[in-house]
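Raw contents of input27.txt, compact mmCIF, C-alpha atoms and all ligand atoms:
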```txt
# COMPACT_ATOMS: atom_id res chain seq x y z
CA MET A 1 5.54 -20.46 6.78
CA ASN A 2 3.40 -22.50 4.46
CA ASP A 3 0.59 -22.77 6.95
CA SER A 4 -1.99 -20.21 6.19
CA PRO A 5 -2.10 -17.63 8.91
CA SER A 6 -5.14 -17.47 11.11
CA GLU A 7 -8.49 -16.59 9.55
CA SER A 8 -7.11 -17.58 6.17
CA GLU A 9 -5.54 -14.18 5.79
CA PRO A 10 -3.85 -13.65 2.47
CA LEU A 11 -0.11 -13.58 2.62
CA ASP A 12 0.53 -9.93 3.05
CA TRP A 13 3.44 -9.78 0.67
CA ASP A 14 1.81 -11.29 -2.39
CA ASP A 15 1.41 -8.75 -5.14
CA VAL A 16 -2.13 -8.23 -6.31
CA GLU A 17 -2.39 -8.90 -10.03
CA VAL A 18 -5.50 -7.80 -11.83
CA SER A 19 -5.61 -8.91 -15.44
CA ALA A 20 -7.26 -6.71 -18.02
CA ASP A 21 -9.94 -9.35 -18.43
CA ALA A 22 -10.70 -9.62 -14.72
CA ALA A 23 -10.78 -5.84 -14.40
CA ASP A 24 -13.18 -5.58 -17.33
CA ARG A 25 -15.48 -8.21 -15.94
CA ALA A 26 -15.34 -6.73 -12.46
CA GLU A 27 -16.24 -3.38 -13.94
CA ASP A 28 -19.18 -4.90 -15.79
CA LEU A 29 -20.45 -6.37 -12.53
CA LEU A 30 -19.95 -3.07 -10.74
CA ARG A 31 -21.70 -1.16 -13.52
CA ASP A 32 -24.72 -3.43 -13.30
CA PHE A 33 -24.65 -3.15 -9.53
CA ALA A 34 -24.51 0.64 -9.75
CA ALA A 35 -27.42 0.71 -12.19
CA ASP A 36 -29.57 -1.71 -10.17
CA ALA A 37 -29.03 -0.03 -6.86
CA GLU A 38 -28.84 3.50 -8.31
CA LEU A 39 -25.38 4.14 -6.95
CA ASP A 40 -23.14 7.14 -7.44
CA MET A 41 -20.08 5.01 -6.91
CA ALA A 42 -19.17 1.34 -6.76
CA VAL A 43 -15.49 0.48 -6.40
CA ILE A 44 -13.29 -2.37 -5.33
CA VAL A 45 -10.31 -1.56 -3.17
CA ASP A 46 -7.63 -3.90 -2.00
CA ARG A 47 -7.01 -4.10 1.74
CA SER A 48 -3.82 -2.09 1.48
CA GLY A 49 -5.79 0.80 -0.03
CA GLY A 50 -5.02 0.26 -3.71
CA MET A 51 -7.83 0.94 -6.16
CA VAL A 52 -8.63 -2.13 -8.24
CA ALA A 53 -11.70 -1.35 -10.33
CA GLY A 54 -14.74 0.84 -10.17
CA VAL A 55 -17.41 3.01 -11.65
CA ALA A 56 -18.16 6.47 -10.37
CA SER A 57 -20.24 9.43 -11.36
CA ARG A 58 -18.51 11.89 -9.09
CA PRO A 59 -15.56 13.30 -10.95
CA ASP A 60 -14.71 15.61 -8.07
CA VAL A 61 -13.83 12.70 -5.81
CA ASP A 62 -10.15 11.77 -5.56
CA VAL A 63 -10.14 8.00 -6.01
CA ASP A 64 -6.69 7.55 -4.43
CA THR A 65 -7.86 9.16 -1.23
CA VAL A 66 -11.08 7.17 -1.34
CA GLY A 67 -9.04 3.95 -1.57
CA ALA A 68 -6.88 4.88 1.41
CA LEU A 69 -9.88 5.87 3.50
CA VAL A 70 -11.88 2.79 2.59
CA ALA A 71 -9.00 0.52 3.58
CA GLY A 72 -8.53 2.45 6.82
CA ALA A 73 -12.21 2.52 7.73
CA PHE A 74 -12.64 -1.11 6.85
CA GLY A 75 -9.53 -2.10 8.80
CA ALA A 76 -10.81 -0.22 11.83
CA MET A 77 -14.23 -1.85 11.54
CA ARG A 78 -12.67 -5.26 11.22
CA SER A 79 -10.48 -4.71 14.26
CA LEU A 80 -13.48 -3.52 16.23
CA ALA A 81 -15.51 -6.56 15.18
CA ARG A 82 -12.65 -8.85 16.09
CA GLU A 83 -12.23 -7.13 19.44
CA LEU A 84 -15.89 -7.79 20.17
CA GLY A 85 -15.61 -11.41 19.16
CA GLU A 86 -17.53 -10.93 15.95
CA ALA A 87 -16.45 -13.30 13.19
CA ALA A 88 -18.91 -12.67 10.36
CA ILE A 89 -18.12 -11.04 7.05
CA VAL A 90 -17.45 -7.40 7.70
CA GLU A 91 -20.14 -5.14 6.39
CA SER A 92 -20.86 -1.59 7.42
CA LEU A 93 -23.37 1.05 6.54
CA HIS A 94 -23.16 4.77 7.12
CA HIS A 95 -26.20 7.00 6.82
CA GLY A 96 -25.02 10.56 6.43
CA GLY A 97 -26.90 13.76 5.73
CA LYS A 98 -26.81 13.15 1.99
CA ASP A 99 -25.31 9.77 1.24
CA THR A 100 -25.45 6.18 2.24
CA ILE A 101 -21.97 4.67 2.33
CA TYR A 102 -21.74 0.92 2.31
CA LEU A 103 -18.63 -1.25 2.77
CA ARG A 104 -18.42 -4.99 2.38
CA GLN A 105 -15.63 -7.48 2.56
CA ILE A 106 -15.04 -9.34 -0.70
CA GLY A 107 -13.07 -12.51 -0.18
CA SER A 108 -10.18 -12.08 2.18
CA ARG A 109 -8.43 -9.36 0.32
CA TYR A 110 -10.81 -6.85 -1.17
CA ILE A 111 -13.39 -4.34 -0.06
CA LEU A 112 -16.45 -3.17 -1.95
CA LEU A 113 -17.51 0.44 -1.52
CA ALA A 114 -20.95 1.58 -2.66
CA VAL A 115 -22.23 5.11 -2.37
CA ALA A 116 -25.88 5.99 -2.93
CA GLU A 117 -28.00 9.01 -2.28
CA LEU A 118 -29.76 8.87 1.03
CA ASN A 119 -33.21 8.39 -0.49
CA GLN A 120 -32.10 5.10 -1.99
CA PRO A 121 -33.17 2.17 0.22
CA ALA A 122 -30.08 0.74 1.86
CA GLY A 123 -31.63 -2.72 1.84
CA ILE A 124 -31.37 -2.83 -1.94
CA VAL A 125 -27.73 -1.80 -1.87
CA ARG A 126 -27.00 -4.53 0.63
CA GLU A 127 -28.93 -7.17 -1.19
CA ARG A 128 -27.38 -6.45 -4.57
CA ALA A 129 -23.94 -6.27 -2.98
CA ALA A 130 -24.45 -9.70 -1.49
CA GLN A 131 -25.37 -11.00 -4.94
CA ILE A 132 -22.22 -9.78 -6.63
CA ALA A 133 -19.86 -10.52 -3.73
CA GLY A 134 -19.32 -14.13 -4.78
CA PRO A 135 -18.74 -13.48 -8.48
CA LEU A 136 -16.43 -10.58 -7.67
CA ALA A 137 -14.39 -12.68 -5.27
CA GLY A 138 -14.17 -15.39 -7.90
CA LEU A 139 -12.94 -12.96 -10.50
CA LEU A 140 -10.31 -11.46 -8.28
CA GLY A 141 -9.37 -14.55 -6.37
CA GLU A 142 -8.13 -16.58 -9.27
CA PRO A 143 -4.46 -16.38 -9.94
CA MET A 144 -4.70 -13.74 -12.53
CA GLU A 145 -1.94 -14.12 -14.97
CA ALA A 146 -1.47 -11.74 -17.78
CA THR A 147 -1.88 -14.48 -20.33
CA GLY A 148 -1.26 -14.36 -24.03
CA SER A 149 -4.77 -13.32 -24.78
CA GLN A 150 -4.22 -10.07 -23.00
CA SER A 151 -2.66 -7.12 -24.65
CA ALA A 152 0.95 -6.46 -23.84
CA ALA A 153 1.21 -7.22 -20.18
CA PRO A 154 4.33 -6.32 -18.27
CA THR A 155 5.88 -9.72 -18.04
CA ARG A 156 8.93 -7.63 -18.45
CA SER A 157 9.01 -5.62 -15.33
CA PRO A 158 9.67 -1.97 -15.67
CA GLU A 159 13.39 -1.91 -15.95
CA ALA A 160 13.97 1.62 -17.02
CA ALA A 161 15.85 3.76 -14.59
CA PRO A 162 13.76 4.15 -11.48
CA PRO A 163 12.22 7.56 -11.22
CA SER A 164 13.84 10.16 -9.13
CA LEU A 165 11.23 11.95 -7.12
CA THR A 166 13.32 15.00 -6.55
CA PRO A 167 11.24 17.74 -8.03
CA PRO A 168 12.70 19.29 -11.13
CA PRO A 169 12.83 23.08 -11.05
CA ASN A 170 9.64 23.42 -13.05
CA ALA A 171 8.04 20.16 -13.89
CA PRO A 172 5.10 20.32 -16.24
CA ALA A 173 4.39 16.60 -15.90
CA PRO A 174 1.13 15.76 -17.58
CA GLN A 175 -1.37 14.31 -15.19
CA SER A 176 -2.66 11.07 -16.53
CA GLY A 177 -6.39 10.69 -16.14
CA TYR A 178 -7.87 7.86 -14.18
CA ALA A 179 -9.23 5.04 -16.17
CA TYR A 180 -12.35 4.71 -14.13
CA ASP A 181 -15.58 4.97 -15.95
CA ILE A 182 -17.66 7.96 -15.38
CA GLY A 183 -21.11 6.79 -16.14
CA MET B 1 2.73 -5.76 -1.96
CA ALA B 2 2.13 -3.99 -5.15
CA VAL B 3 -1.23 -3.75 -6.86
CA VAL B 4 -0.71 -4.36 -10.56
CA ASN B 5 -3.66 -3.47 -12.73
CA HIS B 6 -3.15 -4.56 -16.33
CA ASP B 7 -6.38 -2.89 -17.38
CA THR B 8 -5.67 0.63 -16.22
CA ARG B 9 -1.94 -0.07 -16.66
CA GLU B 10 -1.08 1.05 -13.19
CA VAL B 11 1.25 -0.29 -10.56
CA GLN B 12 0.64 0.97 -7.04
CA PHE B 13 3.10 0.71 -4.19
CA LYS B 14 2.58 1.56 -0.57
CA ILE B 15 5.28 3.36 1.39
CA VAL B 16 4.72 3.98 5.09
CA TYR B 17 6.52 6.48 7.30
CA CYS B 18 6.78 4.95 10.75
CA GLY B 19 8.75 6.11 13.72
CA THR B 20 9.04 7.99 16.91
CA PRO B 21 6.09 10.03 18.20
CA LEU B 22 6.62 13.64 17.13
CA GLY B 23 9.69 12.54 15.19
CA GLY B 24 8.65 14.34 12.01
CA LYS B 25 6.76 11.76 9.91
CA THR B 26 3.96 14.14 8.99
CA THR B 27 6.48 16.90 8.39
CA ASN B 28 8.18 14.70 5.77
CA LEU B 29 4.90 14.23 3.90
CA ILE B 30 4.01 17.92 4.13
CA TYR B 31 7.37 18.84 2.65
CA ILE B 32 6.99 16.32 -0.17
CA HIS B 33 3.49 17.58 -0.87
CA ASN B 34 4.63 21.19 -0.95
CA ARG B 35 7.58 20.58 -3.21
CA LEU B 36 6.12 18.23 -5.82
CA ALA B 37 4.40 19.71 -8.81
CA PRO B 38 0.63 19.29 -8.43
CA ALA B 39 0.61 17.12 -11.55
CA MET B 40 2.82 14.59 -9.80
CA ARG B 41 0.82 14.20 -6.63
CA GLY B 42 -2.66 14.25 -5.19
CA ASP B 43 -3.90 16.03 -2.12
CA LEU B 44 -2.49 15.36 1.31
CA ALA B 45 -5.20 13.84 3.48
CA SER B 46 -4.65 13.76 7.22
CA ILE B 47 -6.65 12.18 9.97
CA ALA B 48 -5.25 14.01 12.95
CA THR B 49 -6.22 15.42 16.33
CA GLU B 50 -6.76 19.13 16.81
CA GLN B 51 -3.19 19.31 18.09
CA GLU B 52 -2.05 17.90 14.75
CA ARG B 53 -1.00 14.58 16.20
CA THR B 54 -1.61 11.88 13.66
CA LEU B 55 -4.64 9.88 14.74
CA PHE B 56 -4.95 7.38 11.93
CA PHE B 57 -2.77 8.28 8.99
CA ASP B 58 -1.60 10.92 6.60
CA PHE B 59 -1.93 9.99 2.97
CA LEU B 60 -0.25 11.43 -0.10
CA PRO B 61 -0.48 9.81 -3.54
CA VAL B 62 2.56 10.42 -5.74
CA HIS B 63 2.71 9.33 -9.35
CA PRO B 64 6.06 10.27 -10.69
CA THR B 65 6.38 8.48 -13.95
CA ILE B 66 5.42 5.89 -16.45
CA ILE B 67 7.70 2.85 -16.53
CA ALA B 68 7.37 0.27 -19.28
CA GLY B 69 3.99 1.68 -20.17
CA TYR B 70 2.70 1.42 -16.64
CA ASP B 71 1.74 4.40 -14.55
CA THR B 72 3.80 3.92 -11.40
CA ARG B 73 2.20 5.22 -8.25
CA PHE B 74 3.51 5.48 -4.75
CA GLN B 75 0.94 5.87 -2.01
CA LEU B 76 2.72 7.52 0.90
CA TYR B 77 1.29 7.06 4.37
CA SER B 78 2.40 8.05 7.81
CA VAL B 79 1.23 6.26 10.90
CA PRO B 80 0.65 7.74 14.34
CA GLY B 81 3.75 7.43 16.48
CA GLN B 82 2.00 7.39 19.83
CA LYS B 83 2.20 4.09 21.62
CA ILE B 84 -1.52 3.61 22.11
CA TYR B 85 -2.17 3.45 18.37
CA GLY B 86 -0.71 -0.01 17.82
CA GLU B 87 -3.77 -1.36 16.06
CA THR B 88 -3.93 1.67 13.82
CA ARG B 89 -0.32 1.15 12.77
CA ARG B 90 -1.14 -2.44 11.97
CA ILE B 91 -4.02 -1.42 9.75
CA VAL B 92 -1.98 1.16 7.88
CA LEU B 93 0.96 -1.21 7.47
CA THR B 94 -1.23 -3.81 5.77
CA GLY B 95 0.24 -4.52 2.37
CA VAL B 96 3.21 -2.19 2.85
CA ASP B 97 5.96 -2.28 0.22
CA GLY B 98 8.53 -0.05 1.85
CA ILE B 99 9.11 1.78 5.11
CA VAL B 100 10.88 4.92 6.22
CA PHE B 101 11.57 4.81 9.91
CA VAL B 102 11.85 8.39 11.15
CA ALA B 103 13.84 8.57 14.38
CA ASP B 104 14.28 11.68 16.49
CA SER B 105 17.86 12.91 16.97
CA ASP B 106 16.95 14.67 20.21
CA PRO B 107 18.94 12.96 22.99
CA ASP B 108 15.86 13.15 25.21
CA ARG B 109 14.02 10.86 22.81
CA VAL B 110 16.15 7.74 23.18
CA GLU B 111 13.43 5.78 24.97
CA ALA B 112 10.76 6.96 22.57
CA ASN B 113 12.89 5.92 19.58
CA LEU B 114 13.42 2.46 21.00
CA GLU B 115 9.77 1.99 21.84
CA ALA B 116 8.71 3.10 18.38
CA LEU B 117 11.12 0.70 16.75
CA GLU B 118 9.81 -2.14 18.85
CA SER B 119 6.21 -1.30 18.05
CA THR B 120 6.98 -1.19 14.34
CA ARG B 121 8.57 -4.63 14.56
CA GLU B 122 5.52 -5.89 16.44
CA ALA B 123 3.06 -4.49 13.93
CA LEU B 124 4.95 -6.09 11.05
CA ALA B 125 5.24 -9.41 12.84
CA SER B 126 1.50 -9.45 13.42
CA LEU B 127 1.08 -9.07 9.66
CA ASN B 128 3.46 -11.96 9.00
CA ARG B 129 6.05 -9.57 7.67
CA SER B 130 9.69 -9.57 8.53
CA PHE B 131 11.20 -6.29 9.63
CA ASP B 132 14.57 -7.45 8.38
CA ARG B 133 13.41 -8.23 4.88
CA ILE B 134 11.18 -5.36 4.03
CA PRO B 135 12.72 -2.44 2.12
CA LEU B 136 13.34 -0.03 4.96
CA PHE B 137 15.49 3.02 5.48
CA PHE B 138 16.16 4.87 8.68
CA GLN B 139 15.95 8.61 8.69
CA PHE B 140 17.57 10.34 11.64
CA ASN B 141 15.56 13.51 11.67
CA LYS B 142 15.95 16.89 13.36
CA ARG B 143 19.66 17.10 12.65
CA ASP B 144 19.27 20.86 13.00
CA LEU B 145 18.72 20.53 16.75
CA PRO B 146 21.62 21.79 18.79
CA GLY B 147 22.91 18.77 20.69
CA ALA B 148 21.52 16.26 18.23
CA MET B 149 22.80 12.78 19.01
CA ALA B 150 25.81 11.59 17.04
CA PRO B 151 24.72 9.41 14.13
CA GLU B 152 27.01 6.57 15.30
CA GLU B 153 25.31 6.68 18.68
CA MET B 154 21.93 6.42 17.01
CA ASP B 155 23.11 3.55 14.83
CA GLU B 156 24.12 1.69 17.93
CA MET B 157 20.99 2.54 19.86
CA LEU B 158 18.70 1.35 17.07
CA GLU B 159 21.01 -1.44 15.95
CA VAL B 160 20.93 -0.05 12.48
CA ARG B 161 22.62 -2.13 9.85
CA ARG B 162 21.25 -0.34 6.86
CA PRO B 163 21.87 2.92 5.10
CA THR B 164 20.63 5.86 7.04
CA PHE B 165 19.65 9.36 6.08
CA LEU B 166 20.48 12.32 8.25
CA ALA B 167 17.66 14.73 7.69
CA SER B 168 15.86 17.79 8.77
CA ALA B 169 12.30 17.45 7.63
CA ALA B 170 11.50 20.93 8.85
CA THR B 171 13.84 22.42 6.24
CA GLY B 172 13.51 19.56 3.76
CA TYR B 173 17.12 18.46 4.06
CA ASN B 174 17.39 14.88 2.72
CA VAL B 175 13.64 14.40 2.65
CA PHE B 176 13.66 13.57 -1.06
CA ALA B 177 16.89 11.60 -0.76
CA THR B 178 15.13 9.32 1.72
CA LEU B 179 12.07 9.02 -0.47
CA ASP B 180 14.15 8.27 -3.56
CA ALA B 181 16.06 5.55 -1.74
CA VAL B 182 12.98 3.77 -0.52
CA THR B 183 11.08 4.01 -3.80
CA GLN B 184 14.05 2.68 -5.77
CA LYS B 185 14.52 -0.19 -3.38
CA VAL B 186 10.82 -1.01 -3.59
CA LEU B 187 11.01 -1.05 -7.39
CA ARG B 188 14.08 -3.29 -7.31
CA GLU B 189 12.35 -5.77 -5.04
CA PHE B 190 9.34 -5.73 -7.31
CA HIS B 191 11.50 -6.57 -10.33
CA ILE B 192 13.10 -9.40 -8.43
CA ARG B 193 9.74 -10.84 -7.41
CA ARG B 194 8.51 -10.68 -10.98
CA ARG B 195 11.61 -12.27 -12.34
CA LEU B 196 11.46 -15.09 -9.83
CA ARG B 197 7.83 -15.59 -10.63
CA ALA B 198 8.46 -15.70 -14.36
CA GLN B 199 11.29 -18.18 -13.80
CA ARG B 200 9.11 -20.36 -11.62
CA GLU B 201 6.34 -20.34 -14.19
CA ALA B 202 8.75 -21.18 -16.97
CA GLU B 203 10.17 -24.04 -14.94
CA GLN B 204 6.74 -25.37 -14.15
CA ALA B 205 5.75 -25.17 -17.79
CA ALA B 206 8.94 -26.97 -18.77
CA VAL B 207 8.30 -29.72 -16.24
CA ARG B 208 4.78 -30.17 -17.51
CA GLN B 209 6.05 -30.42 -21.06
CA THR B 210 9.04 -32.66 -20.58
CA LYS B 211 7.57 -35.14 -18.13
CA PRO B 212 4.08 -35.87 -19.30
CA LEU B 213 4.39 -39.64 -18.89
CA THR B 214 6.39 -40.08 -15.73
CA PRO B 215 4.27 -39.19 -12.77
CA SER B 216 6.74 -37.87 -10.29
CA PRO B 217 5.76 -38.32 -6.67
CA VAL B 218 7.37 -35.09 -5.60
CA GLU B 219 6.58 -31.77 -7.11
CA PRO B 220 9.74 -29.96 -7.98
CA SER B 221 9.92 -27.56 -5.14
CA ARG B 222 12.07 -24.55 -4.72
CA GLY B 223 13.01 -22.90 -1.53
CA SER B 224 10.95 -19.83 -0.99
CA PRO B 225 12.84 -17.07 -2.67
CA ASP B 226 14.28 -14.47 -0.46
CA PRO B 227 12.73 -11.36 -1.89
CA SER B 228 15.23 -9.12 -0.23
CA SER B 229 18.30 -10.81 -1.60
CA GLU B 230 20.25 -8.55 -3.86
CA VAL B 231 20.04 -9.91 -7.37
CA ALA B 232 21.49 -7.89 -10.16
CA LEU B 233 18.81 -6.57 -12.42
CA GLY B 234 19.53 -8.00 -15.79
CA SER B 235 17.58 -6.84 -18.73
N1 LIG C 301 13.76 21.09 14.83
C1 LIG C 301 13.06 20.29 14.05
N2 LIG C 301 11.76 20.08 14.31
C2 LIG C 301 11.09 19.25 13.49
C3 LIG C 301 11.70 18.61 12.39
N3 LIG C 301 10.79 17.83 11.79
C4 LIG C 301 9.64 17.98 12.49
N4 LIG C 301 9.82 18.83 13.52
C5 LIG C 301 8.82 19.27 14.49
O1 LIG C 301 8.45 18.18 15.31
C6 LIG C 301 7.08 18.27 15.67
C7 LIG C 301 6.36 16.98 15.31
O2 LIG C 301 6.36 16.80 13.92
P1 LIG C 301 5.32 15.83 13.19
O3 LIG C 301 5.73 15.78 11.76
O4 LIG C 301 3.94 16.21 13.50
O5 LIG C 301 5.67 14.47 13.92
P2 LIG C 301 4.98 13.07 13.71
O6 LIG C 301 6.07 12.07 13.70
O7 LIG C 301 4.08 13.08 12.55
O8 LIG C 301 4.13 12.96 15.06
P3 LIG C 301 2.92 11.93 15.42
O9 LIG C 301 2.08 11.82 14.22
O10 LIG C 301 2.19 12.51 16.56
O11 LIG C 301 3.60 10.65 15.78
C8 LIG C 301 6.51 19.47 14.95
O12 LIG C 301 6.51 20.56 15.82
C9 LIG C 301 7.53 19.71 13.83
O13 LIG C 301 7.58 21.03 13.43
C10 LIG C 301 13.08 18.89 12.13
O14 LIG C 301 13.70 18.40 11.20
N5 LIG C 301 13.70 19.73 13.02
MG MG C 302 2.12 12.65 12.36
```

Since I need it in another form, could you write the structure as structure tokens?
Amino acid sequence: MNDSPSESEPLDWDDVEVSADAADRAEDLLRDFAADAELDMAVIVDRSGGMVAGVASRPDVDVDTVGALVAGAFGAMRSLARELGEAAIVESLHHGGKDTIYLRQIGSRYILLAVAELNQPAGIVRERAAQIAGPLAGLLGEPMEATGSQSAAPTRSPEAAPPSLTPPPNAPAPQSGYAYDIG
Amino acid sequence: MAVVNHDTREVQFKIVYCGTPLGGKTTNLIYIHNRLAPAMRGDLASIATEQERTLFFDFLPVHPTIIAGYDTRFQLYSVPGQKIYGETRRIVLTGVDGIVFVADSDPDRVEANLEALESTREALASLNRSFDRIPLFFQFNKRDLPGAMAPEEMDEMLEVRRPTFLASAATGYNVFATLDAVTQKVLREFHIRRRLRAQREAEQAAVRQTKPLTPSPVEPSRGSPDPSSEVALGS
């Protein structure tokens, strides 16, 4: 059980912890990346589909769905590569009618998604992505504790009564906005 | 596993509806989507065939509440039930926190139920996850069918040793009861993991502080905690 599984896969049941500091620094990297490569979106998703950090200028896009689709598409691409005996870092590029969509593996656990308009040279997206891949992996790969320097982190786990999902008769629950930068 | 983001103050959990082909997994998610206030959920995204068979997954984000200042989100997925989609199930089950196994109460679906259970076990095993430890509830669906199998018979068939929900996803009967059970179990397990982690860190810090001069040859090791063990949730 202590042996790392094949291909140094992360243990699937470890929670992903992203400290405020790591998230901030990841977002700085992504913001620079988005500016350099003229992207509409640059986000980091964890392999299970959870959104970790990102910058986006498309408010109409549902980031939850994007996360799920990125993880699915990436998982499928990785399985395909594996099936064909391909062992390199997984990277994929989609040229659509309007957008270029780029995915890249970051470390063993994360996926970078970059979206640019089609007229933007894909080579630049790829090159810049390769440049930030290492720093991003470093930021996210460290054991990220919510240390004292961070603002109130939930070292106390949420211990209030778990939510009941049964819909109340008329629930006007306020929708909290996403904390992703629109820039 | 959960994704805890201390910056956006969000905790995300992944719940996957697995089970028998045509057993009603998608129907569960459709019902949940239809009944939850739009403010509590996102859109339902489905990757399906033209015949509405799930091809990759259905996805429904649900964010019911804020707990301890953290926006708690459950990402609900359903996998395709059909046997050929083993790899797809594996992909969708990556990082799963909790499972609802939807079985079909139709007596003609005994074989299909058993096969689906086996394929779920296989997918989890290939991800180094233990079927027996993961928060998982069975839902015996289609109880409205005339001639639905007796629940005891289904327990025996599927070797169920956990609480089970008798449901009819088509009408919504016990759909939310199942979802509540799995989300609460997932949250409990999360608390336990965090508590164990905090304890371990405190112990390690204490060891570092109290034994600075005696190099001990053996690191104080603890057995790997059983995350599914029932520990009372103290405050
Ligand atoms: N009688 C009855 N029919 C149901 C119930 N739930 C689902 N069905 C029907 O069963 C069929 C399959 O339902 P789905 O929800 O698509 O099943 P699924 O498990 O998602 O199927 P796959 O994705 O192909 O594995 C549909 O015709 C549903 O209307 C139920 O509670 N009772
Ligand atoms: Mg389906």

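Distances to chain B were evaluated for A:Val61, A:Ala37, A:Ile101, A:Ala68 using all atoms listed in the file, and the minimum falls at A:Ala68.
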
In Å, how far is it from CA of Tyr102 (chain A) to CA of Ala130 (chain A)?
11.6 Å

Coordinates-based distance that separates CA of Ala42 (chain A) from CA of Ala56 (chain A) (Å, one decimal)
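Pair CA of Ala56 (chain A) / CA of Ala42 (chain A) returns 6.4 Å.
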
Long-range neighbours of Asp64 (chain A) as a PyMOL selection string, 12 Å cut-off, only C-alpha atoms, 2 positions minimum in chain
(chain A and resi 43-46+48-54+60-62+66-71+178+180) or (chain B and resi 12-14+41-45+59-63+73-77)

Resulting file, chosen residues, C-alpha atoms, as a PDB file, in the coordinates of the input:
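Output below, filename part-v1.pdb:
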```pdb
ATOM      1  CA  VAL A  43     -15.490   0.480  -6.400  1.00  0.00           C
ATOM      2  CA  ILE A  44     -13.290  -2.370  -5.330  1.00  0.00           C
ATOM      3  CA  VAL A  45     -10.310  -1.560  -3.170  1.00  0.00           C
ATOM      4  CA  ASP A  46      -7.630  -3.900  -2.000  1.00  0.00           C
ATOM      5  CA  SER A  48      -3.820  -2.090   1.480  1.00  0.00           C
ATOM      6  CA  GLY A  49      -5.790   0.800  -0.030  1.00  0.00           C
ATOM      7  CA  GLY A  50      -5.020   0.260  -3.710  1.00  0.00           C
ATOM      8  CA  MET A  51      -7.830   0.940  -6.160  1.00  0.00           C
ATOM      9  CA  VAL A  52      -8.630  -2.130  -8.240  1.00  0.00           C
ATOM     10  CA  ALA A  53     -11.700  -1.350 -10.330  1.00  0.00           C
ATOM     11  CA  GLY A  54     -14.740   0.840 -10.170  1.00  0.00           C
ATOM     12  CA  ASP A  60     -14.710  15.610  -8.070  1.00  0.00           C
ATOM     13  CA  VAL A  61     -13.830  12.700  -5.810  1.00  0.00           C
ATOM     14  CA  ASP A  62     -10.150  11.770  -5.560  1.00  0.00           C
ATOM     15  CA  VAL A  66     -11.080   7.170  -1.340  1.00  0.00           C
ATOM     16  CA  GLY A  67      -9.040   3.950  -1.570  1.00  0.00           C
ATOM     17  CA  ALA A  68      -6.880   4.880   1.410  1.00  0.00           C
ATOM     18  CA  LEU A  69      -9.880   5.870   3.500  1.00  0.00           C
ATOM     19  CA  VAL A  70     -11.880   2.790   2.590  1.00  0.00           C
ATOM     20  CA  ALA A  71      -9.000   0.520   3.580  1.00  0.00           C
ATOM     21  CA  TYR A 178      -7.870   7.860 -14.180  1.00  0.00           C
ATOM     22  CA  TYR A 180     -12.350   4.710 -14.130  1.00  0.00           C
TER      23      TYR A 180
ATOM     24  CA  GLN B  12       0.640   0.970  -7.040  1.00  0.00           C
ATOM     25  CA  PHE B  13       3.100   0.710  -4.190  1.00  0.00           C
ATOM     26  CA  LYS B  14       2.580   1.560  -0.570  1.00  0.00           C
ATOM     27  CA  ARG B  41       0.820  14.200  -6.630  1.00  0.00           C
ATOM     28  CA  GLY B  42      -2.660  14.250  -5.190  1.00  0.00           C
ATOM     29  CA  ASP B  43      -3.900  16.030  -2.120  1.00  0.00           C
ATOM     30  CA  LEU B  44      -2.490  15.360   1.310  1.00  0.00           C
ATOM     31  CA  ALA B  45      -5.200  13.840   3.480  1.00  0.00           C
ATOM     32  CA  PHE B  59      -1.930   9.990   2.970  1.00  0.00           C
ATOM     33  CA  LEU B  60      -0.250  11.430  -0.100  1.00  0.00           C
ATOM     34  CA  PRO B  61      -0.480   9.810  -3.540  1.00  0.00           C
ATOM     35  CA  VAL B  62       2.560  10.420  -5.740  1.00  0.00           C
ATOM     36  CA  HIS B  63       2.710   9.330  -9.350  1.00  0.00           C
ATOM     37  CA  ARG B  73       2.200   5.220  -8.250  1.00  0.00           C
ATOM     38  CA  PHE B  74       3.510   5.480  -4.750  1.00  0.00           C
ATOM     39  CA  GLN B  75       0.940   5.870  -2.010  1.00  0.00           C
ATOM     40  CA  LEU B  76       2.720   7.520   0.900  1.00  0.00           C
ATOM     41  CA  TYR B  77       1.290   7.060   4.370  1.00  0.00           C
TER      42      TYR B  77
END
```

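Using all atoms listed in the file, the nearest neighbour of ligand MG 302 (chain C) within the list B:Lys25, B:Gln184, B:Gly19, B:Arg9 is B:Lys25.
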
Show me which residues sit within 8 Å of ligand LIG 301 (chain C) when counting only C-alpha atoms and all ligand atoms, and put them as a ChimeraX atom specification.
/B:18-28,48,52-55,57,78-82,102,141-145,167-173

With a distance cut-off of 9 Å and all atoms listed in the file, select the neighbouring residues of Ser119 (chain B), excluding the residue or stretch itself and same-chain residues fewer than 6 positions from it, and output the selection as a ChimeraX atom specification.
/B:19,83,86,89

Name all residues at most 10 Å from Pro121 (chain A) (count all atoms listed in the file; drop same-chain ones fewer than 5 positions away) and give them as an MDAnalysis selection string.
chainID A and resid 37:38 100 116 126

Using Å and a single decimal, report how far CA of Leu39 (chain A) sits from CA of Ser57 (chain A).
8.6 Å

Each side padded by 4 Å, which centre and which edge lengths in Å (one decimal) define the axis-aligned box around the listed atoms of region 28-38 of chain A? Give them as JSON.
```
{"center_x": -24.4, "center_y": -1.4, "center_z": -11.3, "size_x": 18.4, "size_y": 17.9, "size_z": 16.9}
```

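By only C-alpha atoms, and with residues fewer than 3 positions from Ala123 (chain B) along its chain excluded, the set lying at most 12 Å from it is Cys18, Val79, Lys83, Tyr85, Gly86, Glu87, Thr88, Arg89, Arg90, Ile91, Val92, Leu93, Thr94, Gly95, Val96, Ala116, Leu117, Glu118, Ser119, Thr120, Ser126, Leu127, Asn128, Arg129, Ser130 and Phe131 of chain B.
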